[in-house]
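Chemist: So here's work_25.pdb, just PDB, C-alpha atoms:
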ATOM      1  CA  MET R  53     138.926  85.678 102.097
ATOM      2  CA  ASN R  54     137.761  82.231 103.008
ATOM      3  CA  ASP R  55     137.778  80.736 106.495
ATOM      4  CA  ARG R  56     140.976  78.764 105.895
ATOM      5  CA  GLU R  57     142.906  81.824 104.731
ATOM      6  CA  LEU R  58     141.582  83.841 107.655
ATOM      7  CA  ALA R  59     142.565  81.147 110.167
ATOM      8  CA  ARG R  60     146.060  80.806 108.692
ATOM      9  CA  LEU R  61     146.625  84.555 108.715
ATOM     10  CA  GLN R  62     145.277  84.870 112.263
ATOM     11  CA  GLU R  63     147.628  82.075 113.371
ATOM     12  CA  GLN R  64     150.617  83.833 111.778
ATOM     13  CA  TYR R  65     149.730  87.165 113.399
ATOM     14  CA  PRO R  66     148.139  86.439 116.806
ATOM     15  CA  PHE R  67     148.542  90.028 118.019
ATOM     16  CA  TRP R  68     146.183  91.303 115.316
ATOM     17  CA  ARG R  69     142.407  90.967 114.972
ATOM     18  CA  ILE R  70     141.771  90.149 111.320
ATOM     19  CA  ARG R  71     138.323  90.331 109.768
ATOM     20  CA  ARG R  72     136.180  91.284 106.809
ATOM     21  CA  PRO R  73     133.391  93.579 107.996
ATOM     22  CA  PRO R  74     130.030  92.316 106.705
ATOM     23  CA  THR R  75     129.104  95.564 104.969
ATOM     24  CA  MET R  76     132.508  96.242 103.420
ATOM     25  CA  GLU R  77     134.565  94.776 100.587
ATOM     26  CA  CYS R  78     137.913  95.321 102.323
ATOM     27  CA  LEU R  79     139.858  93.385 104.952
ATOM     28  CA  LEU R  80     140.808  94.916 108.295
ATOM     29  CA  ALA R  81     143.576  94.030 110.716
ATOM     30  CA  THR R  82     143.608  95.824 114.058
ATOM     31  CA  ARG R  83     146.587  95.600 116.397
ATOM     32  CA  LEU R  84     145.756  94.150 119.823
ATOM     33  CA  GLY R  85     147.369  95.135 123.095
ATOM     34  CA  ARG R  86     148.846  98.464 124.029
ATOM     35  CA  PRO R  87     148.677 101.673 121.989
ATOM     36  CA  LEU R  88     151.672 102.462 119.809
ATOM     37  CA  THR R  89     154.191 105.063 120.916
ATOM     38  CA  GLN R  90     154.959 108.136 118.839
ATOM     39  CA  LYS R  91     158.336 106.584 117.967
ATOM     40  CA  GLU R  92     156.665 103.416 116.663
ATOM     41  CA  ILE R  93     154.235 105.438 114.563
ATOM     42  CA  TYR R  94     157.102 107.567 113.240
ATOM     43  CA  TYR R  95     158.915 104.442 112.066
ATOM     44  CA  GLY R  96     155.809 103.189 110.243
ATOM     45  CA  LEU R  97     153.856 100.963 112.591
ATOM     46  CA  CYS R  98     150.060 101.145 112.272
ATOM     47  CA  GLU R  99     147.200 100.448 114.644
ATOM     48  CA  THR R 100     144.909  99.342 111.804
ATOM     49  CA  LEU R 101     145.564  98.056 108.304
ATOM     50  CA  VAL R 102     142.956  98.168 105.534
ATOM     51  CA  GLU R 103     143.552  96.235 102.316
ATOM     52  CA  ASP R 104     141.450  95.028  99.391
ATOM     53  CA  THR R 105     142.815  91.491  99.079
ATOM     54  CA  TYR R 106     144.183  88.708 101.231
ATOM     55  CA  GLU R 107     147.565  88.990  99.487
ATOM     56  CA  LEU R 108     147.860  92.726 100.130
ATOM     57  CA  LEU R 109     146.894  92.295 103.787
ATOM     58  CA  SER R 110     149.424  89.498 104.190
ATOM     59  CA  GLU R 111     152.150  91.735 102.709
ATOM     60  CA  ALA R 112     151.156  94.658 104.937
ATOM     61  CA  LEU R 113     151.267  92.482 108.056
ATOM     62  CA  ALA R 114     154.655  91.100 107.052
ATOM     63  CA  ASN R 115     155.893  94.669 106.584
ATOM     64  CA  GLN R 116     154.657  95.592 110.063
ATOM     65  CA  ARG R 117     156.497  92.595 111.516
ATOM     66  CA  GLU R 118     159.679  93.655 109.709
ATOM     67  CA  ILE R 119     159.449  97.187 111.128
ATOM     68  CA  GLU R 120     158.847  95.798 114.625
ATOM     69  CA  GLY R 121     162.028  93.745 114.277
ATOM     70  CA  THR R 122     164.110  96.857 113.642
ATOM     71  CA  LEU R 123     162.897  98.813 116.695
TER      72      LEU R 123
END
Show me the file's structure as structure tokens.
Modeler:
Amino acid sequence: MNDRELARLQEQYPFWRIRRPPTMECLLATRLGRPLTQKEIYYGLCETLVEDTYELLSEALANQREIEGTL
């Protein structure tokens, strides 16, 4: 993931910390703010997302946003 893609994704999802750890091949997105409730976890929300590509991470974040909209 290049800097432009990272910046765009971070702008779209400001309540997530998005990064590629230096010693890993994957991308991580960690939810910022309060811990999730048991209800939120039950319905599919995640504290941390781990994906192999920018596209997969973008889809996973969009899915999280969709779930949040239904709660």
Chemist: Neighbouring residues of R:Cys78 were defined as those with any atom within 9 Å, considering all atoms listed in the file; residues of the same chain fewer than 5 positions away were excluded. Please report them as a list in words.
Modeler: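 Residues near the query, excluding close chain neighbours: Arg71, Arg72, Pro73, Val102, Glu103, Asp104 and Thr105 of chain R.
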Chemist: Measuring atom to atom with all atoms listed in the file, identify which of R:Leu108, R:Ile93, R:Leu101, R:Leu88 is nearest to R:Trp68.
Modeler: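 Residue with the minimum atom-to-atom distance to R:Trp68: R:Leu101.
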Chemist: Need to verify the contact set: R:Pro66, 10 Å, all atoms listed in the file, exclusion of same-chain residues closer than 4 positions in sequence. Can you return it as a CSV table (one decimal) with C-alpha atoms, in the frame of the given file?
Modeler:
chain,number,residue,atom,x,y,z
R,61,LEU,CA,146.6,84.6,108.7
R,62,GLN,CA,145.3,84.9,112.3
R,70,ILE,CA,141.8,90.1,111.3
R,83,ARG,CA,146.6,95.6,116.4
R,84,LEU,CA,145.8,94.2,119.8
Chemist: Suppose you want the space between atom CA of R:Thr122 and atom CA of R:Leu80; what is it in Å?
Modeler: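 Rounded to one decimal, the two atoms are 24.0 Å apart.
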Chemist: At what distance in Å, to one decimal, does atom CA of R:Glu118 lie from atom CA of R:Asp55?
Modeler: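 Atom-to-atom, atom CA of R:Asp55 and atom CA of R:Glu118 are spaced 25.6 Å apart.
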Chemist: Let me make sure I understand: among R:Leu79, R:Asn54, R:Leu97, R:Arg60, which one has the smallest atom-to-atom distance to R:Gly121 if we use all atoms listed in the file?
Modeler: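 Checking each candidate against R:Gly121, we get R:Leu97 as the closest.
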